[in-house]
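Visitor: Got a structure for you, written out below as structure tokens; questions coming shortly.
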Amino acid sequence: MSAENEMTANCINNDEAQAPFDGEEKKQAETERFKFITFLLNGEHYAIDITSVYEIVIMPEITPVPNTPFYIMGVINLRGNIIQIVDMRLKLSMPFKKYDDKTCIVVIKAGGSTVGIVVDRVMEVISESADKIEEPPAFGLKVDTGYIKGIVKIGGTIKFILNFDAVFKDCGSENPDE
Amino acid sequence: MEEFNGRDESVLSRNLSLFDNIVGLFKDDDLSHISDSNLYEIKFYLSSVKSEDEVLMALVESIKEKIDAILKMNGVSSAGKEIATMHRLIFSTKMYIETSVESETKENAEEEADYPVEFQHTSSCEQAGGGMNADLSGEDNSAIETLSVENECEKATPVFHPVNVASGKNFRKSESVTIDAEMLNEFVVDSVENINESESALLILESDPSNIKAIDSVFRAFHTIKGSSAYLGFNYMSDLAHHAESLLAKIKEGKIAINGYYSDLLLNSVDMIKKMIENAQNGLLSAPDEYEEILNLLINSCDARPAQPLKKPQAAPADVNKPAAETGSVPTFNAAGVKQASTKAAISVKADSPELETIKITDNENRHLNPSLKSGQENDSTIRVKTDKVDRLIDAVGELVILNSMIFQDPVLKTSKNYELYKKITQAVKMVRELQDISMSMRMIQFKGLFQKMTRLVRDTAKKSNKNIEFLTYGSESEVDRNLVDIIDSALIHLLRNSIDHGIESPQERLQAGKPEKGTVKLSAFHEGGNVVIEVADDGAGLNAEKILSKALSKGIIKTSSGLGESEIFNLIFTPGFSTADTVTDISGRGVGMDVVKTSIEKLKGRIEISSHKGRGSKFTLKMPLTLALTDGMLVRVGEHKFIIPVLNVQLTFQAEASKISKFEARQEMVTHQGRTLPIFKLGEIFNITDAVSDISKGMVIVVNDGKAMSGFLVDEIIGQQQIVAKSLDGEIKNVAGISGGTILSNGRVGLIIDVLEALKLARKK
């Protein structure tokens, strides 16, 4: 029974020991870390929250869909699911670049549906605490500022975190260009 | 009960299972067979008990001490009393753990005082039982021996009374049940099943009141609903079910003879419960409007008129009219009209005089209403699976089939000399095909349920419109995709209502026309070449082409009647707002019905055909694909692009000769084929495909029909036909004009499916 008492005492001590740890965890929650996948578009670095990325696929054959906006490259078969493909360069009004072996499709969840975006090249996964993420500057960007959620500076390069929900929000109502 | 907080539930359940083992040693509470080895075993189990709960550990320690004491007593045989004490200690400890587990699960600290084991602590061990109820004065424990365990070594040792042992298990059952979505869902599914079963049994009962099995079935259904609805707190529902059950009990005992009045009442109760289930699903707990009325009728039936003798079905002359009881309008059931040898399912409702009614359901083909009422007890066990899971499975298997054929057709494999591999892949292909068949069959259901519902509908409609109807059903065993059934349902309702309300004449009119007094409505279903065909036929007045024409002209639906063939005139009835009925009844006549039929059949990619002869009746034939999952598609090439055109839309294909091509107003190209001149639309132009052929004679013409006229699509090449799994497109390309969806082709690429009607609209705009 004395052993038993000891056990109980230990438990209480453990609880006390855990208390500061809990506090630390709370502190950590305030400076939550975000993970991003970064990619290259027209020489600029962009980032997307990793939680909205399904997967990255190398360029498969794309079936073009007629009578759609110019930036919609068509659809692909992703293990039986039909995914629409959007060329991000065209969508963000950048010049078109011929696809090469670095060109990738990042399949993401955006604006309530699944979209595959064509990017020049996928770079890396970065992890950044929330306080390192800055507000985007109000002007001076090549891209519509409404599309930028924030910016992260890593080793001198600026990475723009794209807000894909905004990018794909009003697409449905747009008229086909042709 | 602070000291219980933070206790691990798994520890509790482990301790509980240890004690289960210990208790298992005392078979039937017989203590005489307990041996020394048993005691050591118990000690072993006890040493494994670990807990932060001091009370529990103290109990465990006292059991250990008791065992030690017994072992010291030179043999188990002389220690009977001690063993009994130990047994009780063990039992109480187990109870204690059980209640702890319960309190842990329910996190309900206020009810701790209800513990069956009350603890009284000696002064030295107050800390152990701080949260326990130490007051024993109110306990009714006179019959139970109070055990005291000597406090030898300054440990917390409680004195306890095992009370309420017998009821210990359920004394904490909480009164109100919080309904979570899953429970509700389960209830709804169960109840709907039960209610449908009772409905079909009631219909059988109408024709065969002595069918005990049918009564039992209804009884059971109501009973189950009563129980489960009461459990979930749907008191209105359980009340109604309860009174319906009482009425059924009276019927079963023979105190009340079932007749038209009672079966109506019970069917109304069934409807009411259906409504309430629906309400419950939407979170409404209040009673629907006519609830009180039906409930009172049920109560009155049970109480006020308890002693009506059971009227045995006799082979006496038909239409025996038993005097209606004090209500004056209780129609009587007449079982003599049942034709046992009939080979059809038939309801005949004779309602020309309100007091007299005969209803019969005979179905020797198969008593399709409820298989469990048949003599054979084929109890196929089933599991319930959400339909979207099945759909996903079918989709995945569909993809597997395509993937499989991709592997099979791979040039590497075709040129390979590795026959072993070839053999293995052939086998895999076979297996996948089998898998496809199985998965498809999972979604197939028989028409039975639907037909049963329609039988009820016909019965009620016939009654309402005072028609005398014989309702025949054929092919209730035919199978069809479940998703399809849900959609045809509404179409059938409208068609049958129309047949009864407009098609079948009143008995007087029929007699005057030299027809049998009783009208016949026939509902049949069968498979025909990969399609399922449903026919609704009646021997009524038939469609009146002149009436339709004049109505259509007066409503401005058409401008001129010239040049319209009979089938084109009949098709006018599908126009929204069209109705030939002179009066609007609550059954039909508002002119929405046929429109609904057409839209729902179109949704299924099906067709509807009408054939009718004035004075002899009309027949509506619905043809639709067996399943929505697979469609036949024609694979065509336009330039570099490949498209799928649904075969259902394709009338014919041909290659046009250059001499047959003409130009209309120098713009629209036309082709004359088999005496018809068709406008030709180039798919390449519709979809802005630059490398498509533009010379009509160099491509292929696909003739499609949009319901108004025939037109031709020009494509470069027809590659072939294949079965496809149609998928909708998502996101920005969801509503691309002329494209209805996509599919995975056998080469693994996406093929786009052309929406023929939209594409034609698009073409005419250009």
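By convention here, the chains of the structure tokens are called A, B, ... in the order presented, each chain's residues are numbered starting at 1, and ligands are numbered starting at 1 in the order presented.
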Which residues are near range 99-116 of chain A? Cut-off 6 Å, only C-alpha atoms, ignore same chain within fewer than 6 positions. Put them as a list in words.
Guide: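 Residues meeting the cut-off are Ser52, Val53, Tyr54, Glu55, Ile56, Val57, Ile58, Met59, Gln84, Ile85, Phe164, Asp165, Phe168 and Lys169 of chain A; Gly731 of chain B.
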Visitor: Identify all chain B residues at most 9 Å from chain A by counting only C-alpha atoms; ligands do not count. Present them as a VMD selection string.
Guide: chain B and resid 50 to 54 57 to 58 61 155 395 to 396 398 to 400 641 to 642 686 to 689 727 to 739 742 to 744 748 to 752
Visitor: To one decimal place, how far is CA of Asn38 in chain B from CA of Asn21 in chain B in Å?
Guide: 11.3 Å
Visitor: Residues near range 498-512 of chain B, anyone? I mean within 8 Å using only C-alpha atoms, not counting same-chain ones fewer than 3 positions away, as number ranges by chain.
Guide: B: 352, 458, 461-462, 465-469, 494-495, 515-521, 537-543, 581, 587-588, 617-618
Visitor: Using N, CA, C and O atoms, can you write the selected residues to a file as a tab-separated table (two decimals), in the first residue's frame?
Guide:
chain	number	residue	atom	x	y	z
B	352	ASP	N	-68.44	2.65	-56.45
B	352	ASP	CA	-69.56	3.42	-56.99
B	352	ASP	C	-70.60	3.70	-55.93
B	352	ASP	O	-71.32	4.67	-56.00
B	458	VAL	N	-52.69	3.53	-56.40
B	458	VAL	CA	-53.83	3.24	-57.26
B	458	VAL	C	-55.08	3.03	-56.41
B	458	VAL	O	-56.15	3.55	-56.72
B	461	THR	N	-56.19	6.47	-55.19
B	461	THR	CA	-56.68	7.33	-56.27
B	461	THR	C	-58.01	6.83	-56.78
B	461	THR	O	-58.93	7.62	-57.03
B	462	ALA	N	-58.13	5.53	-56.93
B	462	ALA	CA	-59.37	4.96	-57.45
B	462	ALA	C	-60.53	5.30	-56.51
B	462	ALA	O	-61.63	5.65	-56.95
B	465	SER	N	-61.45	9.03	-56.85
B	465	SER	CA	-62.10	9.44	-58.09
B	465	SER	C	-63.30	8.55	-58.43
B	465	SER	O	-63.82	8.64	-59.54
B	466	ASN	N	-63.71	7.71	-57.49
B	466	ASN	CA	-64.87	6.85	-57.68
B	466	ASN	C	-64.79	6.02	-58.96
B	466	ASN	O	-65.72	5.95	-59.74
B	467	LYS	N	-63.62	5.42	-59.15
B	467	LYS	CA	-63.47	4.57	-60.32
B	467	LYS	C	-63.32	3.13	-59.83
B	467	LYS	O	-62.87	2.88	-58.71
B	468	ASN	N	-63.69	2.25	-60.71
B	468	ASN	CA	-63.58	0.84	-60.39
B	468	ASN	C	-62.42	0.26	-61.19
B	468	ASN	O	-62.49	0.15	-62.40
B	469	ILE	N	-61.33	-0.02	-60.48
B	469	ILE	CA	-60.07	-0.31	-61.18
B	469	ILE	C	-59.54	-1.69	-60.82
B	469	ILE	O	-59.53	-2.08	-59.66
B	494	HIS	N	-47.47	10.20	-61.60
B	494	HIS	CA	-48.26	11.04	-62.48
B	494	HIS	C	-48.95	10.23	-63.57
B	494	HIS	O	-50.12	10.47	-63.88
B	495	LEU	N	-48.23	9.28	-64.13
B	495	LEU	CA	-48.82	8.49	-65.20
B	495	LEU	C	-50.01	7.68	-64.69
B	495	LEU	O	-51.04	7.62	-65.34
B	515	LYS	N	-68.03	-1.66	-72.48
B	515	LYS	CA	-66.81	-2.21	-71.89
B	515	LYS	C	-67.15	-2.80	-70.52
B	515	LYS	O	-68.17	-2.47	-69.93
B	516	PRO	N	-66.28	-3.65	-70.00
B	516	PRO	CA	-66.53	-4.12	-68.64
B	516	PRO	C	-66.54	-2.95	-67.66
B	516	PRO	O	-65.81	-1.97	-67.86
B	517	GLU	N	-67.35	-3.10	-66.65
B	517	GLU	CA	-67.52	-2.02	-65.69
B	517	GLU	C	-66.19	-1.63	-65.04
B	517	GLU	O	-65.93	-0.48	-64.72
B	518	LYS	N	-65.39	-2.66	-64.89
B	518	LYS	CA	-64.13	-2.46	-64.17
B	518	LYS	C	-63.03	-2.09	-65.16
B	518	LYS	O	-62.80	-2.79	-66.14
B	519	GLY	N	-62.38	-0.98	-64.93
B	519	GLY	CA	-61.28	-0.57	-65.79
B	519	GLY	C	-59.99	-1.28	-65.40
B	519	GLY	O	-59.83	-1.66	-64.24
B	520	THR	N	-59.13	-1.48	-66.36
B	520	THR	CA	-57.87	-2.16	-66.06
B	520	THR	C	-56.71	-1.21	-66.25
B	520	THR	O	-56.60	-0.54	-67.27
B	521	VAL	N	-55.85	-1.14	-65.26
B	521	VAL	CA	-54.60	-0.39	-65.39
B	521	VAL	C	-53.48	-1.39	-65.21
B	521	VAL	O	-53.48	-2.18	-64.26
B	537	ALA	N	-50.31	1.03	-68.98
B	537	ALA	CA	-51.36	0.91	-70.00
B	537	ALA	C	-52.72	0.88	-69.31
B	537	ALA	O	-52.86	0.35	-68.20
B	538	ASP	N	-53.72	1.48	-69.96
B	538	ASP	CA	-55.07	1.38	-69.43
B	538	ASP	C	-56.04	1.10	-70.57
B	538	ASP	O	-55.71	1.29	-71.74
B	539	ASP	N	-57.21	0.61	-70.23
B	539	ASP	CA	-58.21	0.34	-71.28
B	539	ASP	C	-59.31	1.39	-71.22
B	539	ASP	O	-60.47	1.11	-71.38
B	540	GLY	N	-58.89	2.61	-70.96
B	540	GLY	CA	-59.84	3.70	-70.82
B	540	GLY	C	-60.20	4.34	-72.14
B	540	GLY	O	-60.20	3.70	-73.19
B	541	ALA	N	-60.46	5.63	-72.07
B	541	ALA	CA	-60.98	6.33	-73.24
B	541	ALA	C	-59.92	6.63	-74.29
B	541	ALA	O	-60.24	6.92	-75.44
B	542	GLY	N	-58.68	6.60	-73.90
B	542	GLY	CA	-57.62	6.93	-74.84
B	542	GLY	C	-57.45	8.43	-74.97
B	542	GLY	O	-58.27	9.21	-74.48
B	543	LEU	N	-56.36	8.82	-75.60
B	543	LEU	CA	-56.12	10.25	-75.77
B	543	LEU	C	-57.00	10.77	-76.89
B	543	LEU	O	-57.15	10.13	-77.93
B	581	ALA	N	-57.96	18.00	-69.00
B	581	ALA	CA	-59.06	17.79	-68.05
B	581	ALA	C	-59.87	19.07	-67.95
B	581	ALA	O	-59.33	20.17	-67.88
B	587	ILE	N	-56.53	15.28	-57.80
B	587	ILE	CA	-55.68	14.20	-58.29
B	587	ILE	C	-54.84	14.70	-59.46
B	587	ILE	O	-53.64	14.53	-59.51
B	588	SER	N	-55.49	15.33	-60.41
B	588	SER	CA	-54.75	15.80	-61.57
B	588	SER	C	-55.53	16.87	-62.27
B	588	SER	O	-56.64	17.21	-61.87
B	617	GLY	N	-58.11	2.91	-75.07
B	617	GLY	CA	-57.09	3.07	-74.04
B	617	GLY	C	-55.78	3.60	-74.57
B	617	GLY	O	-55.62	3.83	-75.77
B	618	SER	N	-54.86	3.83	-73.66
B	618	SER	CA	-53.57	4.37	-74.08
B	618	SER	C	-52.45	3.66	-73.33
B	618	SER	O	-52.66	3.05	-72.29
Visitor: Between B:Arg637, B:Lys81, B:Lys453, B:Arg482, which is the closest to Thr387 in chain B once you count only C-alpha atoms?
Guide: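 Smallest distance to Thr387 in chain B is found for B:Arg482.
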Visitor: Enter the distance from CA of Thr677 in chain B to CA of Thr599 in chain B, in Å, rounded to one decimal.
Guide: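 Interatomic distance, CA of Thr677 in chain B to CA of Thr599 in chain B: 29.0 Å.
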Visitor: Got a sec: who's within 12 Å of Gln722 in chain B, counting only C-alpha atoms, leaving out chain neighbours fewer than 2 positions off, as a ChimeraX atom specification?
Guide: /B:402,630-636,643-647,718-720,724-726,743-746,751
Visitor: Save out the residues we just selected, C-alpha atoms, as an mmCIF file, in the first residue's frame.
Guide:
data_model
loop_
_atom_site.group_PDB
_atom_site.id
_atom_site.type_symbol
_atom_site.label_atom_id
_atom_site.label_comp_id
_atom_site.auth_asym_id
_atom_site.auth_seq_id
_atom_site.Cartn_x
_atom_site.Cartn_y
_atom_site.Cartn_z
ATOM 1 C CA ILE B 402 -10.439 0.911 -67.842
ATOM 2 C CA LEU B 630 -22.563 3.242 -67.449
ATOM 3 C CA THR B 631 -23.654 4.798 -70.691
ATOM 4 C CA ASP B 632 -22.944 3.846 -74.251
ATOM 5 C CA GLY B 633 -20.948 6.462 -76.008
ATOM 6 C CA MET B 634 -19.875 6.956 -79.582
ATOM 7 C CA LEU B 635 -16.252 8.003 -79.713
ATOM 8 C CA VAL B 636 -15.643 10.520 -82.474
ATOM 9 C CA PHE B 643 -15.394 13.486 -78.012
ATOM 10 C CA ILE B 644 -18.097 11.160 -76.816
ATOM 11 C CA ILE B 645 -21.622 11.462 -78.159
ATOM 12 C CA PRO B 646 -24.207 9.514 -76.116
ATOM 13 C CA VAL B 647 -25.521 6.710 -78.322
ATOM 14 C CA ILE B 718 -16.192 7.778 -85.923
ATOM 15 C CA ILE B 719 -13.715 5.766 -83.895
ATOM 16 C CA GLY B 720 -16.121 3.362 -82.253
ATOM 17 C CA ILE B 724 -18.311 4.981 -70.357
ATOM 18 C CA VAL B 725 -18.571 6.085 -66.754
ATOM 19 C CA ALA B 726 -19.846 9.626 -67.027
ATOM 20 C CA THR B 743 -15.005 10.262 -68.872
ATOM 21 C CA ILE B 744 -11.765 8.337 -68.779
ATOM 22 C CA LEU B 745 -11.027 6.792 -72.154
ATOM 23 C CA SER B 746 -9.271 3.486 -72.600
ATOM 24 C CA GLY B 751 -12.752 12.331 -73.132
#
Visitor: How far is it from CA of Ile487 in chain B to CA of His527 in chain B, in Å with one decimal?
Guide: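 CA of Ile487 in chain B sits 17.6 Å away from CA of His527 in chain B.
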Visitor: Within 10 Å of Glu535 in chain B, counting only C-alpha atoms, which residues qualify if same-chain residues fewer than 2 places away don't, as a PyMOL selection string?
Guide: chain B and resi 473-474+492+495+522-526+533+537-538+608-610+619-623
Visitor: Can you pull out the residues contacting Ser13 in chain B? Cut-off 10 Å, using only C-alpha atoms, and skip same-chain residues under 6 positions away; I want them as a ChimeraX atom specification.
Guide: /B:19,97-98,100-101
Visitor: Keeping only all heavy atoms, take the residues you just selected and write them out as a PDB file, in the first residue's frame.
Guide:
ATOM      1  N   PHE B  19     -11.186  -8.382 -12.867  1.00  0.00           N
ATOM      2  CA  PHE B  19     -12.197  -8.852 -11.914  1.00  0.00           C
ATOM      3  C   PHE B  19     -13.214  -9.779 -12.573  1.00  0.00           C
ATOM      4  O   PHE B  19     -13.736 -10.674 -11.911  1.00  0.00           O
ATOM      5  CB  PHE B  19     -12.889  -7.661 -11.227  1.00  0.00           C
ATOM      6  CG  PHE B  19     -12.197  -7.286  -9.964  1.00  0.00           C
ATOM      7  CD1 PHE B  19     -11.175  -6.357  -9.975  1.00  0.00           C
ATOM      8  CD2 PHE B  19     -12.531  -7.900  -8.769  1.00  0.00           C
ATOM      9  CE1 PHE B  19     -10.502  -6.044  -8.814  1.00  0.00           C
ATOM     10  CE2 PHE B  19     -11.858  -7.580  -7.608  1.00  0.00           C
ATOM     11  CZ  PHE B  19     -10.835  -6.654  -7.621  1.00  0.00           C
ATOM     12  N   ILE B  97     -15.775  -1.000  -9.447  1.00  0.00           N
ATOM     13  CA  ILE B  97     -15.076  -0.632 -10.683  1.00  0.00           C
ATOM     14  C   ILE B  97     -16.090  -0.345 -11.784  1.00  0.00           C
ATOM     15  O   ILE B  97     -15.959   0.623 -12.524  1.00  0.00           O
ATOM     16  CB  ILE B  97     -14.117  -1.757 -11.137  1.00  0.00           C
ATOM     17  CG1 ILE B  97     -13.077  -2.022 -10.058  1.00  0.00           C
ATOM     18  CG2 ILE B  97     -13.417  -1.369 -12.432  1.00  0.00           C
ATOM     19  CD1 ILE B  97     -12.206  -3.222 -10.350  1.00  0.00           C
ATOM     20  N   GLU B  98     -17.099  -1.181 -11.848  1.00  0.00           N
ATOM     21  CA  GLU B  98     -18.114  -0.979 -12.890  1.00  0.00           C
ATOM     22  C   GLU B  98     -18.744   0.396 -12.799  1.00  0.00           C
ATOM     23  O   GLU B  98     -18.892   1.102 -13.799  1.00  0.00           O
ATOM     24  CB  GLU B  98     -19.216  -2.039 -12.777  1.00  0.00           C
ATOM     25  CG  GLU B  98     -18.864  -3.313 -13.516  1.00  0.00           C
ATOM     26  CD  GLU B  98     -19.881  -4.402 -13.274  1.00  0.00           C
ATOM     27  OE1 GLU B  98     -20.890  -4.137 -12.590  1.00  0.00           O
ATOM     28  OE2 GLU B  98     -19.660  -5.509 -13.779  1.00  0.00           O
ATOM     29  N   SER B 100     -17.451   2.935 -11.404  1.00  0.00           N
ATOM     30  CA  SER B 100     -16.445   3.931 -11.747  1.00  0.00           C
ATOM     31  C   SER B 100     -16.362   4.092 -13.251  1.00  0.00           C
ATOM     32  O   SER B 100     -16.271   5.203 -13.766  1.00  0.00           O
ATOM     33  CB  SER B 100     -15.067   3.519 -11.224  1.00  0.00           C
ATOM     34  OG  SER B 100     -15.110   3.363  -9.844  1.00  0.00           O
ATOM     35  N   VAL B 101     -16.394   2.962 -13.950  1.00  0.00           N
ATOM     36  CA  VAL B 101     -16.344   3.015 -15.410  1.00  0.00           C
ATOM     37  C   VAL B 101     -17.524   3.822 -15.920  1.00  0.00           C
ATOM     38  O   VAL B 101     -17.380   4.691 -16.774  1.00  0.00           O
ATOM     39  CB  VAL B 101     -16.370   1.590 -16.008  1.00  0.00           C
ATOM     40  CG1 VAL B 101     -16.539   1.652 -17.516  1.00  0.00           C
ATOM     41  CG2 VAL B 101     -15.097   0.850 -15.659  1.00  0.00           C
TER      42      VAL B 101
END
Visitor: Among the residues of range 65-172 of chain A, find those DSSP assigns to alpha helix (DSSP H) from the backbone and print them as a PyMOL selection string.
Guide: chain A and resi 88-91+164-167
Visitor: Any chance you could list, as a VMD selection string, the residues in range 65-163 of chain A that come up strand (DSSP E) when DSSP is run on the backbone?
Guide: chain A and resid 72 to 78 81 to 87 104 to 110 113 to 119 121 to 129 148 to 154 157 to 162
Visitor: Identify, on the basis of only C-alpha atoms, every residue whose closest approach to range 231-247 of chain B does not exceed 9 Å; exclude the query and any residue fewer than 6 positions from it along the same chain; express the result as a compact mmCIF listing (two decimals) with N, CA and C atoms, in the first residue's frame.
Guide:
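Everything below was put into out_33.txt:
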# COMPACT_ATOMS: atom_id res chain seq x y z
N SER B 176 -33.21 10.99 -20.11
CA SER B 176 -33.31 11.60 -21.43
C SER B 176 -32.13 11.15 -22.28
N VAL B 177 -32.46 10.84 -23.50
CA VAL B 177 -31.42 10.38 -24.40
C VAL B 177 -31.10 11.52 -25.35
N THR B 178 -29.85 11.84 -25.44
CA THR B 178 -29.51 12.85 -26.43
C THR B 178 -29.41 12.16 -27.77
N ILE B 179 -30.14 12.67 -28.74
CA ILE B 179 -30.21 12.02 -30.04
C ILE B 179 -29.10 12.58 -30.91
N MET B 183 -27.93 8.17 -34.65
CA MET B 183 -29.05 7.44 -34.05
C MET B 183 -30.34 7.74 -34.79
N LEU B 184 -30.50 9.03 -35.05
CA LEU B 184 -31.72 9.46 -35.73
C LEU B 184 -31.80 8.81 -37.10
N PHE B 187 -32.71 5.28 -36.85
CA PHE B 187 -34.13 5.18 -36.53
C PHE B 187 -34.97 5.38 -37.77
N VAL B 218 -47.72 -6.60 -39.38
CA VAL B 218 -48.10 -5.21 -39.09
C VAL B 218 -47.87 -4.93 -37.61
N PHE B 219 -48.29 -5.87 -36.81
CA PHE B 219 -48.17 -5.74 -35.36
C PHE B 219 -46.72 -5.49 -34.97
N ARG B 220 -45.87 -6.34 -35.53
CA ARG B 220 -44.44 -6.25 -35.23
C ARG B 220 -43.90 -4.87 -35.62
N PHE B 222 -45.46 -2.00 -36.00
CA PHE B 222 -45.91 -0.93 -35.11
C PHE B 222 -45.22 -1.03 -33.76
N HIS B 223 -45.04 -2.26 -33.32
CA HIS B 223 -44.41 -2.46 -32.02
C HIS B 223 -42.99 -1.92 -32.02
N THR B 224 -42.25 -2.24 -33.06
CA THR B 224 -40.87 -1.78 -33.15
C THR B 224 -40.82 -0.26 -33.18
N ILE B 225 -41.72 0.32 -33.94
CA ILE B 225 -41.72 1.77 -34.05
C ILE B 225 -42.07 2.38 -32.71
N ILE B 256 -62.19 -7.66 -33.24
CA ILE B 256 -62.60 -6.72 -34.28
C ILE B 256 -62.31 -7.38 -35.62
N TYR B 262 -61.28 -0.16 -41.04
CA TYR B 262 -60.09 -0.33 -40.21
C TYR B 262 -58.81 -0.31 -41.03
N LEU B 265 -58.07 3.15 -41.71
CA LEU B 265 -57.59 3.81 -40.51
C LEU B 265 -56.13 3.45 -40.27
N LEU B 266 -55.83 2.16 -40.41
CA LEU B 266 -54.46 1.72 -40.16
C LEU B 266 -53.51 2.26 -41.23
N SER B 269 -52.82 5.69 -40.37
CA SER B 269 -51.85 5.75 -39.28
C SER B 269 -50.45 5.56 -39.83
N VAL B 270 -50.34 4.63 -40.78
CA VAL B 270 -49.05 4.39 -41.40
C VAL B 270 -48.55 5.67 -42.06
N MET B 272 -49.42 8.67 -41.35
CA MET B 272 -49.13 9.66 -40.31
C MET B 272 -47.74 9.42 -39.73
N ILE B 273 -47.44 8.16 -39.48
CA ILE B 273 -46.11 7.85 -38.94
C ILE B 273 -45.03 8.21 -39.94
N MET B 276 -44.49 11.75 -39.68
CA MET B 276 -43.78 12.13 -38.46
C MET B 276 -42.30 11.76 -38.55
N ILE B 277 -42.03 10.64 -39.21
CA ILE B 277 -40.62 10.26 -39.39
C ILE B 277 -39.91 11.34 -40.21
N ALA B 280 -39.37 14.24 -38.06
CA ALA B 280 -38.29 13.99 -37.11
C ALA B 280 -36.94 14.16 -37.80
N LEU B 285 -40.51 18.02 -33.95
CA LEU B 285 -41.04 17.00 -33.05
C LEU B 285 -42.54 17.14 -32.85
N SER B 286 -43.11 18.19 -33.37
CA SER B 286 -44.54 18.41 -33.15
C SER B 286 -45.37 17.45 -33.99
N ALA B 287 -46.63 17.31 -33.62
CA ALA B 287 -47.50 16.38 -34.33
C ALA B 287 -48.05 17.06 -35.57
N TYR B 291 -53.09 14.64 -36.78
CA TYR B 291 -52.65 13.66 -35.80
C TYR B 291 -53.73 13.30 -34.79
N ILE B 294 -56.66 11.19 -36.11
CA ILE B 294 -56.37 9.77 -36.31
C ILE B 294 -56.20 9.06 -34.97
N LEU B 295 -55.51 9.75 -34.05
CA LEU B 295 -55.29 9.15 -32.74
C LEU B 295 -56.63 8.86 -32.07
N LEU B 298 -58.36 5.96 -33.58
CA LEU B 298 -57.74 4.72 -33.14
C LEU B 298 -58.22 4.35 -31.74
N ILE B 299 -58.22 5.36 -30.86
CA ILE B 299 -58.62 5.10 -29.48
C ILE B 299 -60.08 4.64 -29.44
N SER B 301 -61.75 3.22 -31.82
CA SER B 301 -61.88 1.88 -32.39
C SER B 301 -61.56 0.82 -31.36
N CYS B 302 -60.56 1.13 -30.54
CA CYS B 302 -60.16 0.13 -29.56
C CYS B 302 -61.16 0.05 -28.42
N ASP B 303 -61.64 1.22 -27.99
CA ASP B 303 -62.41 1.24 -26.76
C ASP B 303 -63.91 1.12 -26.99
Visitor: Using only C-alpha atoms, find the one residue out of B:Thr672, B:Ser567, B:Asn531, B:Thr415 that sits nearest to Ile548 in chain B.
Guide: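 Answer, going by the shortest atom-to-atom distance: B:Ser567.
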